[in-house]
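Participant: Sending over entry.txt (compact mmCIF, N, CA and C atoms).
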# COMPACT_ATOMS: atom_id res chain seq x y z
N MET P 1 97.52 90.98 72.77
CA MET P 1 98.61 90.78 73.71
C MET P 1 99.90 91.36 73.16
N LEU P 2 100.76 91.74 74.06
CA LEU P 2 102.02 92.36 73.70
C LEU P 2 103.21 91.43 73.90
N GLU P 3 102.98 90.13 73.97
CA GLU P 3 104.04 89.16 74.24
C GLU P 3 105.19 89.32 73.25
N GLY P 4 106.40 89.13 73.75
CA GLY P 4 107.56 89.21 72.91
C GLY P 4 108.16 90.60 72.82
N LYS P 5 107.51 91.59 73.38
CA LYS P 5 107.99 92.96 73.31
C LYS P 5 108.60 93.43 74.62
N ALA P 6 108.73 92.54 75.58
CA ALA P 6 109.33 92.89 76.87
C ALA P 6 110.84 92.82 76.77
N THR P 7 111.49 93.69 77.53
CA THR P 7 112.95 93.68 77.61
C THR P 7 113.33 93.39 79.06
N ILE P 8 113.98 92.27 79.29
CA ILE P 8 114.39 91.90 80.64
C ILE P 8 115.66 92.66 80.98
N GLN P 9 115.62 93.36 82.12
CA GLN P 9 116.79 94.10 82.60
C GLN P 9 117.66 93.21 83.48
N ASP P 10 117.01 92.41 84.35
CA ASP P 10 117.73 91.52 85.26
C ASP P 10 116.76 90.47 85.78
N THR P 11 117.26 89.27 86.03
CA THR P 11 116.42 88.20 86.56
C THR P 11 117.28 87.07 87.10
N ASP P 12 116.71 86.33 88.04
CA ASP P 12 117.29 85.04 88.43
C ASP P 12 116.21 83.97 88.42
N MET P 13 115.07 84.28 87.80
CA MET P 13 113.94 83.35 87.69
C MET P 13 114.21 82.29 86.64
N PRO P 14 113.65 81.10 86.86
CA PRO P 14 113.66 80.10 85.78
C PRO P 14 112.85 80.61 84.58
N LEU P 15 113.17 80.14 83.41
CA LEU P 15 112.54 80.61 82.18
C LEU P 15 111.01 80.52 82.23
N LYS P 16 110.48 79.43 82.78
CA LYS P 16 109.03 79.25 82.86
C LYS P 16 108.36 80.38 83.65
N MET P 17 109.00 80.79 84.75
CA MET P 17 108.47 81.90 85.56
C MET P 17 108.59 83.23 84.81
N GLN P 18 109.69 83.41 84.09
CA GLN P 18 109.88 84.63 83.31
C GLN P 18 108.77 84.79 82.29
N ILE P 19 108.44 83.69 81.64
CA ILE P 19 107.37 83.71 80.63
C ILE P 19 106.04 84.08 81.27
N LEU P 20 105.75 83.51 82.45
CA LEU P 20 104.52 83.86 83.17
C LEU P 20 104.52 85.34 83.54
N ALA P 21 105.65 85.86 83.99
CA ALA P 21 105.74 87.27 84.38
C ALA P 21 105.39 88.19 83.21
N MET P 22 106.00 87.94 82.07
CA MET P 22 105.76 88.79 80.91
C MET P 22 104.36 88.60 80.34
N SER P 23 103.87 87.37 80.37
CA SER P 23 102.52 87.09 79.91
C SER P 23 101.48 87.76 80.81
N SER P 24 101.68 87.67 82.12
CA SER P 24 100.76 88.30 83.08
C SER P 24 100.76 89.82 82.92
N ALA P 25 101.93 90.39 82.69
CA ALA P 25 102.04 91.84 82.49
C ALA P 25 101.30 92.25 81.22
N SER P 26 101.48 91.47 80.17
CA SER P 26 100.80 91.76 78.91
C SER P 26 99.28 91.67 79.07
N GLN P 27 98.81 90.63 79.75
CA GLN P 27 97.37 90.48 80.00
C GLN P 27 96.83 91.66 80.80
N ALA P 28 97.58 92.07 81.83
CA ALA P 28 97.16 93.17 82.68
C ALA P 28 97.06 94.46 81.88
N LEU P 29 98.00 94.68 80.95
CA LEU P 29 97.94 95.88 80.11
C LEU P 29 96.76 95.85 79.15
N ASP P 30 96.32 94.65 78.79
CA ASP P 30 95.12 94.52 77.96
C ASP P 30 93.85 94.82 78.77
N LEU P 31 93.89 94.51 80.06
CA LEU P 31 92.71 94.68 80.92
C LEU P 31 92.58 96.06 81.55
N TYR P 32 93.71 96.70 81.86
CA TYR P 32 93.70 97.96 82.61
C TYR P 32 94.40 99.06 81.83
N ASP P 33 94.00 100.29 82.12
CA ASP P 33 94.65 101.45 81.54
C ASP P 33 96.09 101.52 82.02
N VAL P 34 96.99 101.95 81.17
CA VAL P 34 98.42 101.99 81.49
C VAL P 34 98.73 102.85 82.72
N VAL P 35 97.87 103.80 83.06
CA VAL P 35 98.10 104.64 84.24
C VAL P 35 97.60 103.98 85.53
N ASP P 36 96.88 102.87 85.42
CA ASP P 36 96.35 102.16 86.58
C ASP P 36 97.36 101.12 87.07
N CYS P 37 98.51 101.60 87.51
CA CYS P 37 99.60 100.70 87.91
C CYS P 37 99.22 99.81 89.08
N LYS P 38 98.38 100.31 89.98
CA LYS P 38 97.96 99.51 91.14
C LYS P 38 97.20 98.26 90.70
N SER P 39 96.27 98.40 89.78
CA SER P 39 95.50 97.25 89.30
C SER P 39 96.36 96.30 88.48
N ILE P 40 97.28 96.85 87.71
CA ILE P 40 98.20 96.02 86.92
C ILE P 40 99.05 95.17 87.87
N ALA P 41 99.62 95.80 88.89
CA ALA P 41 100.46 95.08 89.86
C ALA P 41 99.64 94.02 90.61
N ALA P 42 98.41 94.36 91.01
CA ALA P 42 97.55 93.41 91.73
C ALA P 42 97.24 92.19 90.86
N HIS P 43 97.01 92.41 89.57
CA HIS P 43 96.73 91.31 88.65
C HIS P 43 97.93 90.35 88.58
N ILE P 44 99.12 90.90 88.44
CA ILE P 44 100.32 90.07 88.34
C ILE P 44 100.58 89.34 89.65
N LYS P 45 100.45 90.03 90.77
CA LYS P 45 100.66 89.41 92.09
C LYS P 45 99.71 88.23 92.28
N LYS P 46 98.46 88.42 91.91
CA LYS P 46 97.46 87.35 92.05
C LYS P 46 97.84 86.13 91.21
N GLU P 47 98.30 86.36 89.99
CA GLU P 47 98.73 85.26 89.12
C GLU P 47 99.86 84.46 89.78
N PHE P 48 100.86 85.17 90.32
CA PHE P 48 102.00 84.48 90.93
C PHE P 48 101.61 83.81 92.25
N ASP P 49 100.79 84.46 93.06
CA ASP P 49 100.33 83.84 94.30
C ASP P 49 99.55 82.56 94.01
N ASN P 50 98.70 82.58 92.99
CA ASN P 50 97.91 81.39 92.64
C ASN P 50 98.78 80.26 92.11
N LYS P 51 99.77 80.58 91.32
CA LYS P 51 100.61 79.56 90.68
C LYS P 51 101.72 79.05 91.59
N TYR P 52 102.35 79.96 92.38
CA TYR P 52 103.54 79.60 93.14
C TYR P 52 103.42 79.82 94.65
N GLY P 53 102.20 80.02 95.15
CA GLY P 53 102.02 80.25 96.58
C GLY P 53 102.16 81.71 96.94
N GLY P 54 101.72 82.07 98.14
CA GLY P 54 101.70 83.47 98.57
C GLY P 54 103.07 84.06 98.83
N GLY P 55 103.08 85.36 99.04
CA GLY P 55 104.30 86.07 99.39
C GLY P 55 104.94 86.85 98.25
N TRP P 56 104.31 86.87 97.08
CA TRP P 56 104.87 87.58 95.94
C TRP P 56 104.59 89.08 96.05
N GLN P 57 105.49 89.87 95.53
CA GLN P 57 105.36 91.32 95.50
C GLN P 57 105.53 91.78 94.05
N CYS P 58 104.84 92.85 93.69
CA CYS P 58 104.94 93.39 92.34
C CYS P 58 104.91 94.90 92.40
N VAL P 59 105.86 95.52 91.73
CA VAL P 59 105.93 96.98 91.62
C VAL P 59 105.86 97.31 90.14
N VAL P 60 104.98 98.25 89.79
CA VAL P 60 104.80 98.66 88.39
C VAL P 60 104.81 100.17 88.33
N GLY P 61 105.55 100.72 87.40
CA GLY P 61 105.57 102.16 87.22
C GLY P 61 106.57 102.58 86.17
N SER P 62 106.66 103.87 85.95
CA SER P 62 107.60 104.36 84.94
C SER P 62 108.87 104.92 85.57
N ASN P 63 108.83 105.18 86.88
CA ASN P 63 110.00 105.74 87.54
C ASN P 63 109.94 105.40 89.02
N PHE P 64 110.73 104.43 89.45
CA PHE P 64 110.77 104.08 90.86
C PHE P 64 112.12 103.49 91.21
N GLY P 65 112.43 103.50 92.47
CA GLY P 65 113.65 102.88 92.97
C GLY P 65 113.28 102.01 94.16
N CYS P 66 114.10 101.03 94.44
CA CYS P 66 113.80 100.17 95.58
C CYS P 66 115.05 99.41 96.00
N PHE P 67 114.95 98.86 97.19
CA PHE P 67 115.98 97.98 97.74
C PHE P 67 115.24 96.90 98.50
N PHE P 68 115.53 95.64 98.22
CA PHE P 68 114.78 94.56 98.84
C PHE P 68 115.62 93.29 98.89
N THR P 69 115.15 92.35 99.68
CA THR P 69 115.75 91.02 99.75
C THR P 69 114.72 90.04 99.21
N HIS P 70 115.17 89.11 98.37
CA HIS P 70 114.23 88.17 97.75
C HIS P 70 114.73 86.74 97.88
N SER P 71 113.79 85.82 97.73
CA SER P 71 114.14 84.39 97.71
C SER P 71 114.86 84.08 96.40
N LYS P 72 115.87 83.24 96.48
CA LYS P 72 116.64 82.88 95.29
C LYS P 72 115.73 82.28 94.22
N GLY P 73 115.91 82.73 92.98
CA GLY P 73 115.13 82.21 91.86
C GLY P 73 113.76 82.83 91.72
N SER P 74 113.54 83.99 92.34
CA SER P 74 112.19 84.57 92.33
C SER P 74 112.15 86.05 91.94
N PHE P 75 113.14 86.52 91.22
CA PHE P 75 113.24 87.95 90.92
C PHE P 75 113.29 88.18 89.41
N ILE P 76 112.51 89.18 88.97
CA ILE P 76 112.62 89.64 87.58
C ILE P 76 112.31 91.14 87.53
N TYR P 77 113.06 91.83 86.69
CA TYR P 77 112.85 93.25 86.44
C TYR P 77 112.88 93.43 84.93
N PHE P 78 111.77 93.92 84.36
CA PHE P 78 111.68 94.06 82.91
C PHE P 78 110.83 95.27 82.53
N THR P 79 110.95 95.64 81.27
CA THR P 79 110.20 96.76 80.70
C THR P 79 109.25 96.22 79.65
N LEU P 80 108.02 96.74 79.67
CA LEU P 80 107.02 96.41 78.66
C LEU P 80 106.23 97.67 78.38
N GLU P 81 106.14 98.02 77.10
CA GLU P 81 105.54 99.30 76.74
C GLU P 81 106.32 100.42 77.42
N THR P 82 105.63 101.30 78.14
CA THR P 82 106.30 102.42 78.81
C THR P 82 106.51 102.15 80.29
N LEU P 83 106.15 100.95 80.76
CA LEU P 83 106.23 100.64 82.18
C LEU P 83 107.36 99.68 82.51
N LYS P 84 107.81 99.78 83.74
CA LYS P 84 108.80 98.86 84.29
C LYS P 84 108.10 97.97 85.31
N PHE P 85 108.50 96.70 85.36
CA PHE P 85 107.88 95.71 86.23
C PHE P 85 108.95 95.05 87.09
N LEU P 86 108.69 95.01 88.38
CA LEU P 86 109.56 94.33 89.33
C LEU P 86 108.70 93.31 90.07
N ILE P 87 109.05 92.05 89.95
CA ILE P 87 108.30 90.97 90.60
C ILE P 87 109.29 90.14 91.40
N PHE P 88 108.94 89.85 92.65
CA PHE P 88 109.84 89.04 93.47
C PHE P 88 109.06 88.44 94.63
N LYS P 89 109.62 87.39 95.18
CA LYS P 89 109.05 86.77 96.38
C LYS P 89 109.98 87.14 97.52
N GLY P 90 109.41 87.66 98.59
CA GLY P 90 110.22 88.06 99.74
C GLY P 90 110.98 86.90 100.35
N ALA P 91 112.16 87.21 100.86
CA ALA P 91 112.98 86.18 101.50
C ALA P 91 112.34 85.76 102.81
N SER P 92 112.35 84.48 103.08
CA SER P 92 111.80 83.99 104.34
C SER P 92 112.80 84.22 105.47
N SER P 93 112.29 84.42 106.66
CA SER P 93 113.13 84.65 107.83
C SER P 93 113.80 83.35 108.26
N PRO P 94 115.03 83.43 108.74
CA PRO P 94 115.73 82.20 109.17
C PRO P 94 115.10 81.58 110.40
Just give me the structure of the file as structure tokens.

Facilitator:
Amino acid sequence: MLEGKATIQDTDMPLKMQILAMSSASQALDLYDVVDCKSIAAHIKKEFDNKYGGGWQCVVGSNFGCFFTHSKGSFIYFTLETLKFLIFKGASSP
């Protein structure tokens, strides 16, 4: 596992969720090739959906941009190894 080597760029997640995010990313990198970003993202999404309910989104890659709206307390953006990870839960409609 690569735990402890992640660098958080931005987050509003509680610490417990942050730890799960980085741990899930590390596990996914142990299971999948670093170029298999789709499987890595699916692994992380499944972990969050199982633990915190559905609606989670995960983007993994080395170069991407995005604009999104998220539920308060559900966003993290961090780097691990050569990849960047964006995990968030979409904002619910009013």

Participant: In Å, with one decimal, what is the gap from CA of Val59 in chain P to CA of Ile40 in chain P?

Facilitator: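 Atom-to-atom, CA of Val59 in chain P to CA of Ile40 in chain P, that is 9.1 Å.
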
Participant: How many Å lie between CA of Ser24 in chain P and atom N of Glu47 in chain P, rounded to one decimal?

Facilitator: 7.6 Å

Participant: Among chain P, which ones does DSSP assign to alpha helix (DSSP H) (computed from the backbone)? Answer as a ChimeraX atom specification.

Facilitator: /P:15-31,37-52

Participant: Taking only C-alpha atoms into account, which of P:Ala21, P:Ala41, P:Leu86, P:Met13 comes nearest Lys72 in chain P?

Facilitator: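 Closest to Lys72 in chain P of all the choices is P:Met13.
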
Participant: When DSSP is applied to the backbone of this structure, which of chain P are assigned strand (DSSP E)? Write them out as an MDAnalysis selection string.

Facilitator: chainID P and resid 7:11 56:61 70:80 83:90

Participant: May I have the selected residues written with N, CA and C atoms, as a PDB file, in the frame of the given file?

Facilitator:
ATOM      1  N   THR P   7     111.490  93.690  77.530  1.00  0.00           N
ATOM      2  CA  THR P   7     112.950  93.680  77.610  1.00  0.00           C
ATOM      3  C   THR P   7     113.330  93.390  79.060  1.00  0.00           C
ATOM      4  N   ILE P   8     113.980  92.270  79.290  1.00  0.00           N
ATOM      5  CA  ILE P   8     114.390  91.900  80.640  1.00  0.00           C
ATOM      6  C   ILE P   8     115.660  92.660  80.980  1.00  0.00           C
ATOM      7  N   GLN P   9     115.620  93.360  82.120  1.00  0.00           N
ATOM      8  CA  GLN P   9     116.790  94.100  82.600  1.00  0.00           C
ATOM      9  C   GLN P   9     117.660  93.210  83.480  1.00  0.00           C
ATOM     10  N   ASP P  10     117.010  92.410  84.350  1.00  0.00           N
ATOM     11  CA  ASP P  10     117.730  91.520  85.260  1.00  0.00           C
ATOM     12  C   ASP P  10     116.760  90.470  85.780  1.00  0.00           C
ATOM     13  N   THR P  11     117.260  89.270  86.030  1.00  0.00           N
ATOM     14  CA  THR P  11     116.420  88.200  86.560  1.00  0.00           C
ATOM     15  C   THR P  11     117.280  87.070  87.100  1.00  0.00           C
ATOM     16  N   TRP P  56     104.310  86.870  97.080  1.00  0.00           N
ATOM     17  CA  TRP P  56     104.870  87.580  95.940  1.00  0.00           C
ATOM     18  C   TRP P  56     104.590  89.080  96.050  1.00  0.00           C
ATOM     19  N   GLN P  57     105.490  89.870  95.530  1.00  0.00           N
ATOM     20  CA  GLN P  57     105.360  91.320  95.500  1.00  0.00           C
ATOM     21  C   GLN P  57     105.530  91.780  94.050  1.00  0.00           C
ATOM     22  N   CYS P  58     104.840  92.850  93.690  1.00  0.00           N
ATOM     23  CA  CYS P  58     104.940  93.390  92.340  1.00  0.00           C
ATOM     24  C   CYS P  58     104.910  94.900  92.400  1.00  0.00           C
ATOM     25  N   VAL P  59     105.860  95.520  91.730  1.00  0.00           N
ATOM     26  CA  VAL P  59     105.930  96.980  91.620  1.00  0.00           C
ATOM     27  C   VAL P  59     105.860  97.310  90.140  1.00  0.00           C
ATOM     28  N   VAL P  60     104.980  98.250  89.790  1.00  0.00           N
ATOM     29  CA  VAL P  60     104.800  98.660  88.390  1.00  0.00           C
ATOM     30  C   VAL P  60     104.810 100.170  88.330  1.00  0.00           C
ATOM     31  N   GLY P  61     105.550 100.720  87.400  1.00  0.00           N
ATOM     32  CA  GLY P  61     105.570 102.160  87.220  1.00  0.00           C
ATOM     33  C   GLY P  61     106.570 102.580  86.170  1.00  0.00           C
ATOM     34  N   HIS P  70     115.170  89.110  98.370  1.00  0.00           N
ATOM     35  CA  HIS P  70     114.230  88.170  97.750  1.00  0.00           C
ATOM     36  C   HIS P  70     114.730  86.740  97.880  1.00  0.00           C
ATOM     37  N   SER P  71     113.790  85.820  97.730  1.00  0.00           N
ATOM     38  CA  SER P  71     114.140  84.390  97.710  1.00  0.00           C
ATOM     39  C   SER P  71     114.860  84.080  96.400  1.00  0.00           C
ATOM     40  N   LYS P  72     115.870  83.240  96.480  1.00  0.00           N
ATOM     41  CA  LYS P  72     116.640  82.880  95.290  1.00  0.00           C
ATOM     42  C   LYS P  72     115.730  82.280  94.220  1.00  0.00           C
ATOM     43  N   GLY P  73     115.910  82.730  92.980  1.00  0.00           N
ATOM     44  CA  GLY P  73     115.130  82.210  91.860  1.00  0.00           C
ATOM     45  C   GLY P  73     113.760  82.830  91.720  1.00  0.00           C
ATOM     46  N   SER P  74     113.540  83.990  92.340  1.00  0.00           N
ATOM     47  CA  SER P  74     112.190  84.570  92.330  1.00  0.00           C
ATOM     48  C   SER P  74     112.150  86.050  91.940  1.00  0.00           C
ATOM     49  N   PHE P  75     113.140  86.520  91.220  1.00  0.00           N
ATOM     50  CA  PHE P  75     113.240  87.950  90.920  1.00  0.00           C
ATOM     51  C   PHE P  75     113.290  88.180  89.410  1.00  0.00           C
ATOM     52  N   ILE P  76     112.510  89.180  88.970  1.00  0.00           N
ATOM     53  CA  ILE P  76     112.620  89.640  87.580  1.00  0.00           C
ATOM     54  C   ILE P  76     112.310  91.140  87.530  1.00  0.00           C
ATOM     55  N   TYR P  77     113.060  91.830  86.690  1.00  0.00           N
ATOM     56  CA  TYR P  77     112.850  93.250  86.440  1.00  0.00           C
ATOM     57  C   TYR P  77     112.880  93.430  84.930  1.00  0.00           C
ATOM     58  N   PHE P  78     111.770  93.920  84.360  1.00  0.00           N
ATOM     59  CA  PHE P  78     111.680  94.060  82.910  1.00  0.00           C
ATOM     60  C   PHE P  78     110.830  95.270  82.530  1.00  0.00           C
ATOM     61  N   THR P  79     110.950  95.640  81.270  1.00  0.00           N
ATOM     62  CA  THR P  79     110.200  96.760  80.700  1.00  0.00           C
ATOM     63  C   THR P  79     109.250  96.220  79.650  1.00  0.00           C
ATOM     64  N   LEU P  80     108.020  96.740  79.670  1.00  0.00           N
ATOM     65  CA  LEU P  80     107.020  96.410  78.660  1.00  0.00           C
ATOM     66  C   LEU P  80     106.230  97.670  78.380  1.00  0.00           C
ATOM     67  N   LEU P  83     106.150 100.950  80.760  1.00  0.00           N
ATOM     68  CA  LEU P  83     106.230 100.640  82.180  1.00  0.00           C
ATOM     69  C   LEU P  83     107.360  99.680  82.510  1.00  0.00           C
ATOM     70  N   LYS P  84     107.810  99.780  83.740  1.00  0.00           N
ATOM     71  CA  LYS P  84     108.800  98.860  84.290  1.00  0.00           C
ATOM     72  C   LYS P  84     108.100  97.970  85.310  1.00  0.00           C
ATOM     73  N   PHE P  85     108.500  96.700  85.360  1.00  0.00           N
ATOM     74  CA  PHE P  85     107.880  95.710  86.230  1.00  0.00           C
ATOM     75  C   PHE P  85     108.950  95.050  87.090  1.00  0.00           C
ATOM     76  N   LEU P  86     108.690  95.010  88.380  1.00  0.00           N
ATOM     77  CA  LEU P  86     109.560  94.330  89.330  1.00  0.00           C
ATOM     78  C   LEU P  86     108.700  93.310  90.070  1.00  0.00           C
ATOM     79  N   ILE P  87     109.050  92.050  89.950  1.00  0.00           N
ATOM     80  CA  ILE P  87     108.300  90.970  90.600  1.00  0.00           C
ATOM     81  C   ILE P  87     109.290  90.140  91.400  1.00  0.00           C
ATOM     82  N   PHE P  88     108.940  89.850  92.650  1.00  0.00           N
ATOM     83  CA  PHE P  88     109.840  89.040  93.470  1.00  0.00           C
ATOM     84  C   PHE P  88     109.060  88.440  94.630  1.00  0.00           C
ATOM     85  N   LYS P  89     109.620  87.390  95.180  1.00  0.00           N
ATOM     86  CA  LYS P  89     109.050  86.770  96.380  1.00  0.00           C
ATOM     87  C   LYS P  89     109.980  87.140  97.520  1.00  0.00           C
ATOM     88  N   GLY P  90     109.410  87.660  98.590  1.00  0.00           N
ATOM     89  CA  GLY P  90     110.220  88.060  99.740  1.00  0.00           C
ATOM     90  C   GLY P  90     110.980  86.900 100.350  1.00  0.00           C
TER      91      GLY P  90
END

Participant: When you draw a straight line from atom C of Val60 in chain P to atom C of Leu80 in chain P, how long is it in Å?

Facilitator: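 Computing it gives 10.4 Å between the two atoms.
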
Participant: Find, counting only C-alpha atoms, the residue in P:Ile76, P:Ile19, P:Leu83, P:Leu31 that gets nearest to Phe64 in chain P.

Facilitator: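 The answer is P:Leu83, which sits nearest to Phe64 in chain P.
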
Participant: So which one's closest to Gly55 in chain P, P:Thr79, P:Thr11, P:Met17, P:Lys89? Using all atoms listed in the file, please.

Facilitator: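 Of all the options, P:Lys89 lies closest to Gly55 in chain P.
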
Participant: Calculated over only C-alpha atoms, which of the candidates P:Gln57, P:Gln27, P:Ser39, P:Thr7 has the smallest distance to Phe75 in chain P?

Facilitator: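 Closest residue, counting only C-alpha atoms: P:Gln57.
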
Participant: Name the residues in contact with Thr69 in chain P at a cut-off of 8 Å, using all atoms listed in the file, excluding same-chain residues fewer than 6 positions from it; report them as a list of chain:residue names.

Facilitator: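 Within the cut-off, the hits are P:Phe88, P:Lys89, P:Gly90, P:Ala91, P:Ser92.
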
Participant: Because the input lacks atoms here, generate all heavy atoms for range 8-17 of chain P and report them as a PDB file, in the frame of the given file.

Facilitator:
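Result written to part16.pdb:
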ATOM      1  N   ILE P   8     113.980  92.270  79.290  1.00  0.00           N
ATOM      2  CA  ILE P   8     114.390  91.900  80.640  1.00  0.00           C
ATOM      3  C   ILE P   8     115.660  92.660  80.980  1.00  0.00           C
ATOM      4  O   ILE P   8     116.647  92.604  80.253  1.00  0.00           O
ATOM      5  CB  ILE P   8     114.615  90.383  80.755  1.00  0.00           C
ATOM      6  CG1 ILE P   8     113.294  89.635  80.515  1.00  0.00           C
ATOM      7  CG2 ILE P   8     115.197  90.028  82.127  1.00  0.00           C
ATOM      8  CD1 ILE P   8     113.433  88.130  80.461  1.00  0.00           C
ATOM      9  N   GLN P   9     115.620  93.360  82.120  1.00  0.00           N
ATOM     10  CA  GLN P   9     116.790  94.100  82.600  1.00  0.00           C
ATOM     11  C   GLN P   9     117.660  93.210  83.480  1.00  0.00           C
ATOM     12  O   GLN P   9     118.872  93.259  83.402  1.00  0.00           O
ATOM     13  CB  GLN P   9     116.341  95.328  83.403  1.00  0.00           C
ATOM     14  CG  GLN P   9     115.377  96.238  82.686  1.00  0.00           C
ATOM     15  CD  GLN P   9     115.965  96.872  81.444  1.00  0.00           C
ATOM     16  OE1 GLN P   9     117.132  97.237  81.428  1.00  0.00           O
ATOM     17  NE2 GLN P   9     115.163  96.993  80.403  1.00  0.00           N
ATOM     18  N   ASP P  10     117.010  92.410  84.350  1.00  0.00           N
ATOM     19  CA  ASP P  10     117.730  91.520  85.260  1.00  0.00           C
ATOM     20  C   ASP P  10     116.760  90.470  85.780  1.00  0.00           C
ATOM     21  O   ASP P  10     115.568  90.748  85.948  1.00  0.00           O
ATOM     22  CB  ASP P  10     118.304  92.314  86.424  1.00  0.00           C
ATOM     23  CG  ASP P  10     119.401  91.575  87.180  1.00  0.00           C
ATOM     24  OD1 ASP P  10     119.832  90.505  86.715  1.00  0.00           O
ATOM     25  OD2 ASP P  10     119.809  92.068  88.237  1.00  0.00           O
ATOM     26  N   THR P  11     117.260  89.270  86.030  1.00  0.00           N
ATOM     27  CA  THR P  11     116.420  88.200  86.560  1.00  0.00           C
ATOM     28  C   THR P  11     117.280  87.070  87.100  1.00  0.00           C
ATOM     29  O   THR P  11     118.423  86.903  86.692  1.00  0.00           O
ATOM     30  CB  THR P  11     115.455  87.648  85.486  1.00  0.00           C
ATOM     31  OG1 THR P  11     114.541  86.737  86.106  1.00  0.00           O
ATOM     32  CG2 THR P  11     116.190  86.950  84.369  1.00  0.00           C
ATOM     33  N   ASP P  12     116.710  86.330  88.040  1.00  0.00           N
ATOM     34  CA  ASP P  12     117.290  85.040  88.430  1.00  0.00           C
ATOM     35  C   ASP P  12     116.210  83.970  88.420  1.00  0.00           C
ATOM     36  O   ASP P  12     116.385  82.882  88.938  1.00  0.00           O
ATOM     37  CB  ASP P  12     118.007  85.130  89.791  1.00  0.00           C
ATOM     38  CG  ASP P  12     117.069  85.251  90.985  1.00  0.00           C
ATOM     39  OD1 ASP P  12     115.848  85.422  90.791  1.00  0.00           O
ATOM     40  OD2 ASP P  12     117.555  85.189  92.123  1.00  0.00           O
ATOM     41  N   MET P  13     115.070  84.280  87.800  1.00  0.00           N
ATOM     42  CA  MET P  13     113.940  83.350  87.690  1.00  0.00           C
ATOM     43  C   MET P  13     114.210  82.290  86.640  1.00  0.00           C
ATOM     44  O   MET P  13     114.826  82.573  85.622  1.00  0.00           O
ATOM     45  CB  MET P  13     112.680  84.104  87.225  1.00  0.00           C
ATOM     46  CG  MET P  13     111.849  84.718  88.250  1.00  0.00           C
ATOM     47  SD  MET P  13     110.359  85.415  87.468  1.00  0.00           S
ATOM     48  CE  MET P  13     109.636  86.129  88.926  1.00  0.00           C
ATOM     49  N   PRO P  14     113.650  81.100  86.860  1.00  0.00           N
ATOM     50  CA  PRO P  14     113.660  80.100  85.780  1.00  0.00           C
ATOM     51  C   PRO P  14     112.850  80.610  84.580  1.00  0.00           C
ATOM     52  O   PRO P  14     111.938  81.439  84.746  1.00  0.00           O
ATOM     53  CB  PRO P  14     112.962  78.889  86.407  1.00  0.00           C
ATOM     54  CG  PRO P  14     112.995  79.113  87.873  1.00  0.00           C
ATOM     55  CD  PRO P  14     113.031  80.592  88.078  1.00  0.00           C
ATOM     56  N   LEU P  15     113.170  80.140  83.410  1.00  0.00           N
ATOM     57  CA  LEU P  15     112.540  80.610  82.180  1.00  0.00           C
ATOM     58  C   LEU P  15     111.010  80.520  82.230  1.00  0.00           C
ATOM     59  O   LEU P  15     110.310  81.431  81.794  1.00  0.00           O
ATOM     60  CB  LEU P  15     113.076  79.844  80.979  1.00  0.00           C
ATOM     61  CG  LEU P  15     112.560  80.290  79.610  1.00  0.00           C
ATOM     62  CD1 LEU P  15     112.859  81.764  79.360  1.00  0.00           C
ATOM     63  CD2 LEU P  15     113.158  79.425  78.521  1.00  0.00           C
ATOM     64  N   LYS P  16     110.480  79.430  82.780  1.00  0.00           N
ATOM     65  CA  LYS P  16     109.030  79.250  82.860  1.00  0.00           C
ATOM     66  C   LYS P  16     108.360  80.380  83.650  1.00  0.00           C
ATOM     67  O   LYS P  16     107.310  80.882  83.268  1.00  0.00           O
ATOM     68  CB  LYS P  16     108.727  77.892  83.507  1.00  0.00           C
ATOM     69  CG  LYS P  16     107.287  77.484  83.485  1.00  0.00           C
ATOM     70  CD  LYS P  16     107.122  76.073  84.036  1.00  0.00           C
ATOM     71  CE  LYS P  16     105.678  75.652  84.028  1.00  0.00           C
ATOM     72  NZ  LYS P  16     105.500  74.287  84.522  1.00  0.00           N
ATOM     73  N   MET P  17     109.000  80.790  84.750  1.00  0.00           N
ATOM     74  CA  MET P  17     108.470  81.900  85.560  1.00  0.00           C
ATOM     75  C   MET P  17     108.590  83.230  84.810  1.00  0.00           C
ATOM     76  O   MET P  17     107.707  84.080  84.898  1.00  0.00           O
ATOM     77  CB  MET P  17     109.190  81.999  86.896  1.00  0.00           C
ATOM     78  CG  MET P  17     108.833  80.920  87.877  1.00  0.00           C
ATOM     79  SD  MET P  17     109.846  81.102  89.366  1.00  0.00           S
ATOM     80  CE  MET P  17     108.579  81.390  90.548  1.00  0.00           C
TER      81      MET P  17
END
